[in-house]
Amino acid sequence: MSQVSQLSPELTRGVLQLARALLVAVRNWTLYPPEHPTVRASIDRFSDAIRDSTLGAIFAVSVTPDTLMIEGAPADASQGSIAEAAAMLHDRDIVTITFIGTVGPEAIHAFLRLLTMDSAERRQRGGPARIWSAVGHDSIGIEQLDYEKVLKREEGEVAEPAKRDDLWRSIVLSIVGGQKSVFDGREQQRMLAIAGSPGDIGDLATAVAAPKCTLDGSPMITSQAATVLAAFRHLTSIVSVMSPDKMPEVMSNLATAATQLDPHVIMQLMQSPDDPAVPVVAGMASAFDDVKVAQLLATALALDGQASDRLATIFNTIAPDEDRKRRVLTLTRSLLSETDFGRSGQFQVLWASTEELLVSYNDKAFVSDTYRNALDGVGTRAERMSAVDLPEELPEWMESLGQASVRGLSVTMLIDLFTIEQDPARAADMAPDMSALTEDLLMSGAYDDALTVTRALQTRAAAPKAMGRDACRQALDQLGESLAMRETVALIGDVDDDGWKAIKAVIDSIGVSSVEALKGAIIVEQDNVTTDRAEAIITGFGSKAVMRLASLVSDSRWFVQRRGARLLGRIGSADGVPMLQPLLRQSDPRVAREAVAALGVIPDPAAARAIHTVLRAATGDVRRAVIEALVAEKDPRVVPMLVRILEESQPLGKDHEVVLETIEALGTVGTDASVAILVNMAQRKKFFGGKKLRALKERSVDALAKVGTAKSAAALKEAAATGDGALRKLAAQRIRV
């Protein structure tokens, strides 16, 4: 079961967009040369996604085999792009990617070359981080798996104190639940090990803070700070008892771990009252060196865009010395100079006021202790007030400002602009924007809005003299093959009937290009709801979909070939015959049987000739298997083909056995359309026909009897009355039976 994301909705969308853009860029880089327009467009989109996610600050993405993580919080792994991007990066031995400031095209080019490098070469050269340090760009940082540590861990040489086992979960749940009970021996040993690693401390702090969020995913800073402080106090208490000589080291580790967490949480934590028995806040304040304080300060300033009185208070607590303040501010300015925030034109003005506030701030002369305590408790009061009954109209007010309303307004405005546009060039330029909007709508599950946009594109693409007609058609084609469409198709087996109806309407409006996305849903061995729905849409496109199924019949896997043959048979177009013919020679009988059945229902002479050729070449069980495949479903559409085979065969010559089995097949299908040819076969005459002639008459009479219709019964009576001697005798016997 996938883990629910604890990220805010805005960050969730940003990470999803970043993952999608990365996957598209990697795929296009492998398919086209770097100067190709498709590659340039995907690189621009990836660059935009990075910019929107980082907002000019440092933005780190951690990688696990199943999902991406931001500051220890997992992204929504149920989104296909998130899981696929995580698997791709993990497969390349990447642990963390850090984007620093503006990431230009040169850096993205180098990054894509690294990701598409042969895996053997990448590991031979020391891994992605080592390669990147030699050929990469400063705007992207890469951390890789520690190969030596992994090997030692596999050999049992290295302990893993923070592994996510039952013991870890027990510790996290105890801290989150605010339990005061004493930890048992195993838990104490694990926490003692965690206290020795800043990274493990940061993981523990992130895990215990993650549940403290509102229903919309927004962090409750005060609660998170209290929970993290509780975790730090548990760690220091255990260390003070079990290994008191390590207390200075643990305080330093706590300070290092704090620089990895949300600065707002740390600022709230540093304002919390200290426990005399376990003075964690004071210990951390003394353990912060200049670099750690500068990192915390730079992150807070980059996120907020300005200094605040609250930040000044924390800064004054950690660095009360004037000389140290100057040193820290110099380091902070150096760190910020590498970000967009530090490069902005207003930074000099903002920095001057920030420096003045942080260096000279002292509110003791203006703020009483009572008022300061009241300010410190404002976060807690805000959380209490959130539980107060709200006005009845509030849901309606909020809905008007909600994502769905804003999204619907965006769709309406874009379509209106597209409709009234009078410049052909600008109308053509708007088509890709509408396609990109549709992708976003599909990814967010807004299928009704996506249908509105695709129908607008479809209407313009179908109008012979409409402005931007070709661009609209191209936009629909690209949309049908897009990653967003592939991920939407992956959901069709999980949605209810109303959801499926909405998705189907979108696919129908996009057109036959959606087959490329639908194929991904049917490349499975067993049938299910997904395959049933996908096959229904594909066959609904008719002959237009035939050529897009070539990749299925040419696949090396038997079940994929069988699926392709089945679809071609359901479509029943003559264009599918050349693709089905090679499948008749497949060694796997399941594929050959499906190909025969498909050819049997295609009303085209080429299909009949293909089956006839197989029947002539086959003998015994193989030929019988072909015949059984033709009549297995008793589909009356195979009758014209069987009739054509008989008409083009030599019943008493080299095709005698083929004719006998084909006659038997006609009797099995049982339709009036076969009566005429069966009567013709029964009435054949030849001097010295011998056993072959008698077998032909017997098999024809038996087939007429098996058809079992009024027309076949009348034919038998007429044969018994007017046929030659042998035919009259055989027909009379069948009538008596």
# chains A, B, ... in the order shown; residues from 1 in each chain; ligands from 1
call {"tool": "select_by_dssp", "arguments": {"residues": "region 75-236 of chain A", "states": "strand (DSSP E or B)", "output": "list in words"}}
result
Ile94, Val95, Thr96, Ile97, Thr98, Phe99, Ile100, Ile140, Gly141, Ile142, Glu143, Gln144, Cys213 and Pro219 of chain A
call {"tool": "residues_around", "arguments": {"residues": "Thr459 (chain A)", "least_positions_apart": "3", "cutoff": "12 Å", "atoms": "only C-alpha atoms", "output": "PyMOL selection string"}}
result
chain A and resi 415+418-419+451-456+462-470+472-473+476+509-511
call {"tool": "atom_distance", "arguments": {"atom1": "CA of Ile108 (chain A)", "atom2": "CA of Ile70 (chain A)"}}
result
20.7 Å
call {"tool": "residues_around", "arguments": {"residues": "region 667-669 of chain A", "least_positions_apart": "2", "cutoff": "8 Å", "atoms": "only C-alpha atoms", "output": "list in words"}}
result
Val631, Lys634, Asp635, Pro636, Val639, Ile663, Glu664, Ala665, Thr671, Ser674, Asp702, Ala703, Leu704, Ala705, Lys706 and Val707 of chain A
call {"tool": "write_last_selection", "arguments": {"atoms": "all heavy atoms", "output": "mmCIF file, in the first residue's frame"}}
result
data_model
loop_
_atom_site.group_PDB
_atom_site.id
_atom_site.type_symbol
_atom_site.label_atom_id
_atom_site.label_comp_id
_atom_site.auth_asym_id
_atom_site.auth_seq_id
_atom_site.Cartn_x
_atom_site.Cartn_y
_atom_site.Cartn_z
ATOM 1 N N VAL A 631 -13.609 -22.251 -36.184
ATOM 2 C CA VAL A 631 -15.017 -22.449 -35.835
ATOM 3 C C VAL A 631 -15.253 -22.449 -34.333
ATOM 4 O O VAL A 631 -16.373 -22.734 -33.882
ATOM 5 C CB VAL A 631 -15.531 -23.774 -36.440
ATOM 6 C CG1 VAL A 631 -15.398 -23.753 -37.943
ATOM 7 C CG2 VAL A 631 -14.765 -24.967 -35.843
ATOM 8 N N LYS A 634 -17.980 -20.245 -33.396
ATOM 9 C CA LYS A 634 -19.154 -20.418 -34.258
ATOM 10 C C LYS A 634 -19.619 -19.073 -34.824
ATOM 11 O O LYS A 634 -20.818 -18.766 -34.878
ATOM 12 C CB LYS A 634 -20.298 -21.104 -33.505
ATOM 13 C CG LYS A 634 -19.969 -22.531 -33.097
ATOM 14 C CD LYS A 634 -21.167 -23.238 -32.485
ATOM 15 C CE LYS A 634 -20.825 -24.680 -32.132
ATOM 16 N NZ LYS A 634 -21.969 -25.411 -31.557
ATOM 17 N N ASP A 635 -18.656 -18.292 -35.214
ATOM 18 C CA ASP A 635 -18.926 -16.960 -35.755
ATOM 19 C C ASP A 635 -19.353 -17.101 -37.218
ATOM 20 O O ASP A 635 -18.587 -17.616 -38.046
ATOM 21 C CB ASP A 635 -17.658 -16.094 -35.654
ATOM 22 C CG ASP A 635 -17.939 -14.621 -35.934
ATOM 23 O OD1 ASP A 635 -18.911 -14.330 -36.661
ATOM 24 O OD2 ASP A 635 -17.174 -13.768 -35.448
ATOM 25 N N PRO A 636 -20.557 -16.674 -37.582
ATOM 26 C CA PRO A 636 -21.008 -16.830 -38.977
ATOM 27 C C PRO A 636 -20.154 -16.061 -39.980
ATOM 28 O O PRO A 636 -20.233 -16.316 -41.184
ATOM 29 C CB PRO A 636 -22.447 -16.307 -38.940
ATOM 30 C CG PRO A 636 -22.533 -15.462 -37.720
ATOM 31 C CD PRO A 636 -21.588 -16.062 -36.730
ATOM 32 N N VAL A 639 -17.985 -18.136 -42.428
ATOM 33 C CA VAL A 639 -18.579 -18.960 -43.489
ATOM 34 C C VAL A 639 -18.122 -18.525 -44.879
ATOM 35 O O VAL A 639 -17.731 -19.368 -45.703
ATOM 36 C CB VAL A 639 -20.113 -18.955 -43.374
ATOM 37 C CG1 VAL A 639 -20.750 -19.628 -44.594
ATOM 38 C CG2 VAL A 639 -20.544 -19.657 -42.090
ATOM 39 N N ILE A 663 -15.504 -28.846 -44.975
ATOM 40 C CA ILE A 663 -16.944 -29.173 -44.989
ATOM 41 C C ILE A 663 -17.438 -29.437 -43.577
ATOM 42 O O ILE A 663 -18.515 -28.960 -43.162
ATOM 43 C CB ILE A 663 -17.188 -30.399 -45.900
ATOM 44 C CG1 ILE A 663 -16.973 -30.019 -47.373
ATOM 45 C CG2 ILE A 663 -18.597 -30.966 -45.684
ATOM 46 C CD1 ILE A 663 -17.036 -31.202 -48.322
ATOM 47 N N GLU A 664 -16.674 -30.185 -42.809
ATOM 48 C CA GLU A 664 -17.062 -30.459 -41.429
ATOM 49 C C GLU A 664 -17.149 -29.162 -40.623
ATOM 50 O O GLU A 664 -18.044 -28.984 -39.790
ATOM 51 C CB GLU A 664 -16.044 -31.401 -40.787
ATOM 52 C CG GLU A 664 -16.420 -31.826 -39.380
ATOM 53 C CD GLU A 664 -15.434 -32.821 -38.802
ATOM 54 O OE1 GLU A 664 -14.535 -33.263 -39.550
ATOM 55 O OE2 GLU A 664 -15.560 -33.139 -37.601
ATOM 56 N N ALA A 665 -16.250 -28.219 -40.896
ATOM 57 C CA ALA A 665 -16.274 -26.930 -40.199
ATOM 58 C C ALA A 665 -17.537 -26.149 -40.533
ATOM 59 O O ALA A 665 -18.136 -25.503 -39.656
ATOM 60 C CB ALA A 665 -15.038 -26.114 -40.565
ATOM 61 N N THR A 671 -25.003 -22.370 -40.462
ATOM 62 C CA THR A 671 -25.814 -21.269 -40.990
ATOM 63 C C THR A 671 -26.290 -21.632 -42.387
ATOM 64 O O THR A 671 -25.685 -22.449 -43.088
ATOM 65 C CB THR A 671 -25.004 -19.957 -41.054
ATOM 66 O OG1 THR A 671 -23.948 -20.099 -42.022
ATOM 67 C CG2 THR A 671 -24.410 -19.604 -39.705
ATOM 68 N N SER A 674 -24.098 -21.692 -45.712
ATOM 69 C CA SER A 674 -23.234 -22.803 -46.127
ATOM 70 C C SER A 674 -23.989 -23.890 -46.892
ATOM 71 O O SER A 674 -23.367 -24.818 -47.421
ATOM 72 C CB SER A 674 -22.562 -23.417 -44.896
ATOM 73 O OG SER A 674 -23.551 -23.914 -44.006
ATOM 74 N N ASP A 702 -23.476 -35.220 -43.931
ATOM 75 C CA ASP A 702 -23.388 -35.063 -42.472
ATOM 76 C C ASP A 702 -23.391 -33.584 -42.081
ATOM 77 O O ASP A 702 -24.027 -33.189 -41.091
ATOM 78 C CB ASP A 702 -22.114 -35.730 -41.954
ATOM 79 C CG ASP A 702 -22.208 -37.254 -42.024
ATOM 80 O OD1 ASP A 702 -23.332 -37.768 -42.156
ATOM 81 O OD2 ASP A 702 -21.145 -37.907 -41.949
ATOM 82 N N ALA A 703 -22.698 -32.761 -42.857
ATOM 83 C CA ALA A 703 -22.641 -31.335 -42.552
ATOM 84 C C ALA A 703 -24.007 -30.684 -42.714
ATOM 85 O O ALA A 703 -24.412 -29.847 -41.896
ATOM 86 C CB ALA A 703 -21.609 -30.647 -43.445
ATOM 87 N N LEU A 704 -24.750 -31.074 -43.786
ATOM 88 C CA LEU A 704 -26.095 -30.526 -43.970
ATOM 89 C C LEU A 704 -26.991 -30.892 -42.792
ATOM 90 O O LEU A 704 -27.794 -30.074 -42.319
ATOM 91 C CB LEU A 704 -26.694 -31.051 -45.278
ATOM 92 C CG LEU A 704 -26.185 -30.402 -46.569
ATOM 93 C CD1 LEU A 704 -26.675 -31.175 -47.792
ATOM 94 C CD2 LEU A 704 -26.661 -28.948 -46.647
ATOM 95 N N ALA A 705 -26.846 -32.106 -42.304
ATOM 96 C CA ALA A 705 -27.653 -32.533 -41.164
ATOM 97 C C ALA A 705 -27.272 -31.752 -39.902
ATOM 98 O O ALA A 705 -28.135 -31.382 -39.099
ATOM 99 C CB ALA A 705 -27.477 -34.037 -40.940
ATOM 100 N N LYS A 706 -25.984 -31.452 -39.728
ATOM 101 C CA LYS A 706 -25.531 -30.721 -38.535
ATOM 102 C C LYS A 706 -25.963 -29.263 -38.575
ATOM 103 O O LYS A 706 -26.159 -28.648 -37.520
ATOM 104 C CB LYS A 706 -24.011 -30.807 -38.413
ATOM 105 C CG LYS A 706 -23.515 -32.188 -37.999
ATOM 106 C CD LYS A 706 -22.004 -32.248 -37.990
ATOM 107 C CE LYS A 706 -21.418 -31.323 -36.940
ATOM 108 N NZ LYS A 706 -19.938 -31.430 -36.877
ATOM 109 N N VAL A 707 -26.121 -28.705 -39.785
ATOM 110 C CA VAL A 707 -26.560 -27.308 -39.873
ATOM 111 C C VAL A 707 -27.906 -27.163 -39.176
ATOM 112 O O VAL A 707 -28.139 -26.206 -38.422
ATOM 113 C CB VAL A 707 -26.631 -26.847 -41.338
ATOM 114 C CG1 VAL A 707 -27.341 -25.494 -41.452
ATOM 115 C CG2 VAL A 707 -25.225 -26.756 -41.929
#
call {"tool": "closest_residue", "arguments": {"among": "A:Ala597, A:Ala83, A:Leu11, A:Leu652", "to": "Ile611 (chain A)", "atoms": "only C-alpha atoms"}}
result
A:Ala597
call {"tool": "residues_around", "arguments": {"residues": "Gly480 (chain A)", "least_positions_apart": "2", "cutoff": "10 Å", "atoms": "only C-alpha atoms", "output": "PDB file with C-alpha atoms, in the first residue's frame"}}
result
ATOM      1  CA  SER A 435      -2.506  20.580 -25.124  1.00  0.00           C
ATOM      2  CA  GLU A 439      -2.104  17.209 -19.748  1.00  0.00           C
ATOM      3  CA  GLN A 474      -0.798  17.946 -34.102  1.00  0.00           C
ATOM      4  CA  ALA A 475      -1.658  18.971 -30.543  1.00  0.00           C
ATOM      5  CA  LEU A 476      -4.227  16.160 -30.317  1.00  0.00           C
ATOM      6  CA  ASP A 477      -1.744  13.642 -31.742  1.00  0.00           C
ATOM      7  CA  GLN A 478       0.911  14.633 -29.213  1.00  0.00           C
ATOM      8  CA  SER A 482       1.776  11.955 -23.948  1.00  0.00           C
ATOM      9  CA  LEU A 483       2.867  10.738 -20.545  1.00  0.00           C
ATOM     10  CA  ALA A 484      -0.290  12.259 -19.050  1.00  0.00           C
ATOM     11  CA  MET A 485      -2.456  10.106 -21.316  1.00  0.00           C
ATOM     12  CA  ARG A 486      -0.445   6.989 -20.452  1.00  0.00           C
ATOM     13  CA  VAL A 506     -11.673  12.413 -23.535  1.00  0.00           C
ATOM     14  CA  ILE A 507      -9.963   9.582 -25.451  1.00  0.00           C
ATOM     15  CA  SER A 509     -12.267  13.310 -28.645  1.00  0.00           C
ATOM     16  CA  ILE A 510      -8.471  13.023 -28.924  1.00  0.00           C
ATOM     17  CA  GLY A 511      -8.721  10.320 -31.548  1.00  0.00           C
ATOM     18  CA  VAL A 512      -6.728   7.368 -32.788  1.00  0.00           C
ATOM     19  CA  SER A 513      -3.386   8.694 -31.504  1.00  0.00           C
ATOM     20  CA  SER A 514      -4.551   7.530 -28.057  1.00  0.00           C
ATOM     21  CA  VAL A 515      -3.906   3.955 -29.188  1.00  0.00           C
ATOM     22  CA  GLU A 516      -0.223   4.503 -28.345  1.00  0.00           C
ATOM     23  CA  ALA A 517      -1.147   5.096 -24.707  1.00  0.00           C
ATOM     24  CA  LEU A 518      -3.809   2.370 -24.670  1.00  0.00           C
TER      25      LEU A 518
END
call {"tool": "residues_around", "arguments": {"residues": "region 23-33 of chain A", "least_positions_apart": "6", "cutoff": "8 Å", "atoms": "only C-alpha atoms", "output": "PyMOL selection string"}}
result
chain A and resi 39+42-43+46+81+84-85+112+115-116+483
call {"tool": "decode", "arguments": {"residues": "region 233-262 of chain A", "atoms": "N, CA, C and O atoms", "output": "short mmCIF file (atom, residue, chain, number, x, y, z; two decimals), in the first residue's frame"}}
result
data_model
loop_
_atom_site.label_atom_id
_atom_site.label_comp_id
_atom_site.auth_asym_id
_atom_site.auth_seq_id
_atom_site.Cartn_x
_atom_site.Cartn_y
_atom_site.Cartn_z
N ARG A 233 14.79 15.62 23.21
CA ARG A 233 14.92 15.42 24.65
C ARG A 233 15.04 13.94 25.01
O ARG A 233 15.80 13.56 25.91
N HIS A 234 14.28 13.10 24.32
CA HIS A 234 14.41 11.66 24.55
C HIS A 234 15.82 11.19 24.23
O HIS A 234 16.42 10.41 24.99
N LEU A 235 16.36 11.65 23.12
CA LEU A 235 17.71 11.24 22.72
C LEU A 235 18.75 11.68 23.75
O LEU A 235 19.60 10.88 24.18
N THR A 236 18.69 12.96 24.14
CA THR A 236 19.70 13.46 25.08
C THR A 236 19.54 12.82 26.46
O THR A 236 20.53 12.59 27.15
N SER A 237 18.30 12.52 26.87
CA SER A 237 18.10 11.87 28.17
C SER A 237 18.76 10.50 28.19
O SER A 237 19.43 10.11 29.16
N ILE A 238 18.55 9.74 27.10
CA ILE A 238 19.13 8.39 27.05
C ILE A 238 20.65 8.46 27.01
O ILE A 238 21.35 7.70 27.69
N VAL A 239 21.19 9.40 26.22
CA VAL A 239 22.65 9.53 26.13
C VAL A 239 23.22 9.96 27.48
O VAL A 239 24.28 9.48 27.91
N SER A 240 22.54 10.87 28.18
CA SER A 240 23.05 11.37 29.46
C SER A 240 23.16 10.26 30.50
O SER A 240 23.99 10.33 31.42
N VAL A 241 22.34 9.24 30.37
CA VAL A 241 22.36 8.12 31.31
C VAL A 241 23.31 7.01 30.85
O VAL A 241 24.11 6.49 31.63
N MET A 242 23.21 6.66 29.55
CA MET A 242 23.94 5.49 29.06
C MET A 242 25.36 5.83 28.60
O MET A 242 26.25 4.97 28.64
N SER A 243 25.58 7.05 28.15
CA SER A 243 26.91 7.42 27.66
C SER A 243 27.11 8.92 27.83
O SER A 243 27.17 9.67 26.85
N PRO A 244 27.23 9.38 29.08
CA PRO A 244 27.28 10.83 29.33
C PRO A 244 28.47 11.53 28.71
O PRO A 244 28.41 12.72 28.42
N ASP A 245 29.56 10.79 28.47
CA ASP A 245 30.74 11.42 27.86
C ASP A 245 30.50 11.86 26.43
O ASP A 245 31.28 12.63 25.87
N LYS A 246 29.43 11.38 25.81
CA LYS A 246 29.14 11.73 24.42
C LYS A 246 28.16 12.90 24.28
O LYS A 246 27.72 13.21 23.17
N MET A 247 27.80 13.54 25.39
CA MET A 247 26.81 14.62 25.33
C MET A 247 27.24 15.78 24.43
O MET A 247 26.44 16.27 23.63
N PRO A 248 28.50 16.27 24.51
CA PRO A 248 28.90 17.34 23.58
C PRO A 248 28.75 16.94 22.11
O PRO A 248 28.30 17.73 21.28
N GLU A 249 29.12 15.69 21.81
CA GLU A 249 28.99 15.21 20.43
C GLU A 249 27.52 15.15 20.01
O GLU A 249 27.16 15.52 18.88
N VAL A 250 26.64 14.72 20.91
CA VAL A 250 25.22 14.63 20.58
C VAL A 250 24.63 16.01 20.35
O VAL A 250 23.83 16.21 19.42
N MET A 251 24.99 16.98 21.16
CA MET A 251 24.49 18.34 20.95
C MET A 251 24.93 18.88 19.60
O MET A 251 24.16 19.55 18.90
N SER A 252 26.16 18.58 19.22
CA SER A 252 26.63 19.00 17.89
C SER A 252 25.83 18.30 16.80
O SER A 252 25.48 18.91 15.77
N ASN A 253 25.53 17.01 17.02
CA ASN A 253 24.74 16.27 16.03
C ASN A 253 23.33 16.84 15.91
O ASN A 253 22.75 16.92 14.82
N LEU A 254 22.75 17.23 17.06
CA LEU A 254 21.41 17.83 17.02
C LEU A 254 21.43 19.13 16.24
O LEU A 254 20.51 19.41 15.45
N ALA A 255 22.46 19.95 16.45
CA ALA A 255 22.56 21.21 15.72
C ALA A 255 22.73 20.97 14.23
O ALA A 255 22.14 21.66 13.40
N THR A 256 23.56 19.97 13.88
CA THR A 256 23.74 19.64 12.45
C THR A 256 22.44 19.16 11.83
O THR A 256 22.07 19.56 10.71
N ALA A 257 21.72 18.29 12.54
CA ALA A 257 20.44 17.78 12.02
C ALA A 257 19.44 18.91 11.87
O ALA A 257 18.61 18.90 10.94
N ALA A 258 19.48 19.90 12.76
CA ALA A 258 18.52 21.01 12.70
C ALA A 258 18.65 21.80 11.41
O ALA A 258 17.65 22.32 10.90
N THR A 259 19.86 21.89 10.86
CA THR A 259 20.04 22.64 9.61
C THR A 259 19.39 21.94 8.43
O THR A 259 19.22 22.54 7.37
N GLN A 260 19.02 20.64 8.58
CA GLN A 260 18.38 19.90 7.50
C GLN A 260 16.86 19.99 7.55
O GLN A 260 16.19 19.53 6.64
N LEU A 261 16.33 20.57 8.64
CA LEU A 261 14.89 20.61 8.83
C LEU A 261 14.31 21.95 8.40
O LEU A 261 15.05 22.88 8.03
N ASP A 262 12.99 22.06 8.43
CA ASP A 262 12.30 23.30 8.10
C ASP A 262 12.76 24.40 9.06
O ASP A 262 12.62 24.26 10.28
#
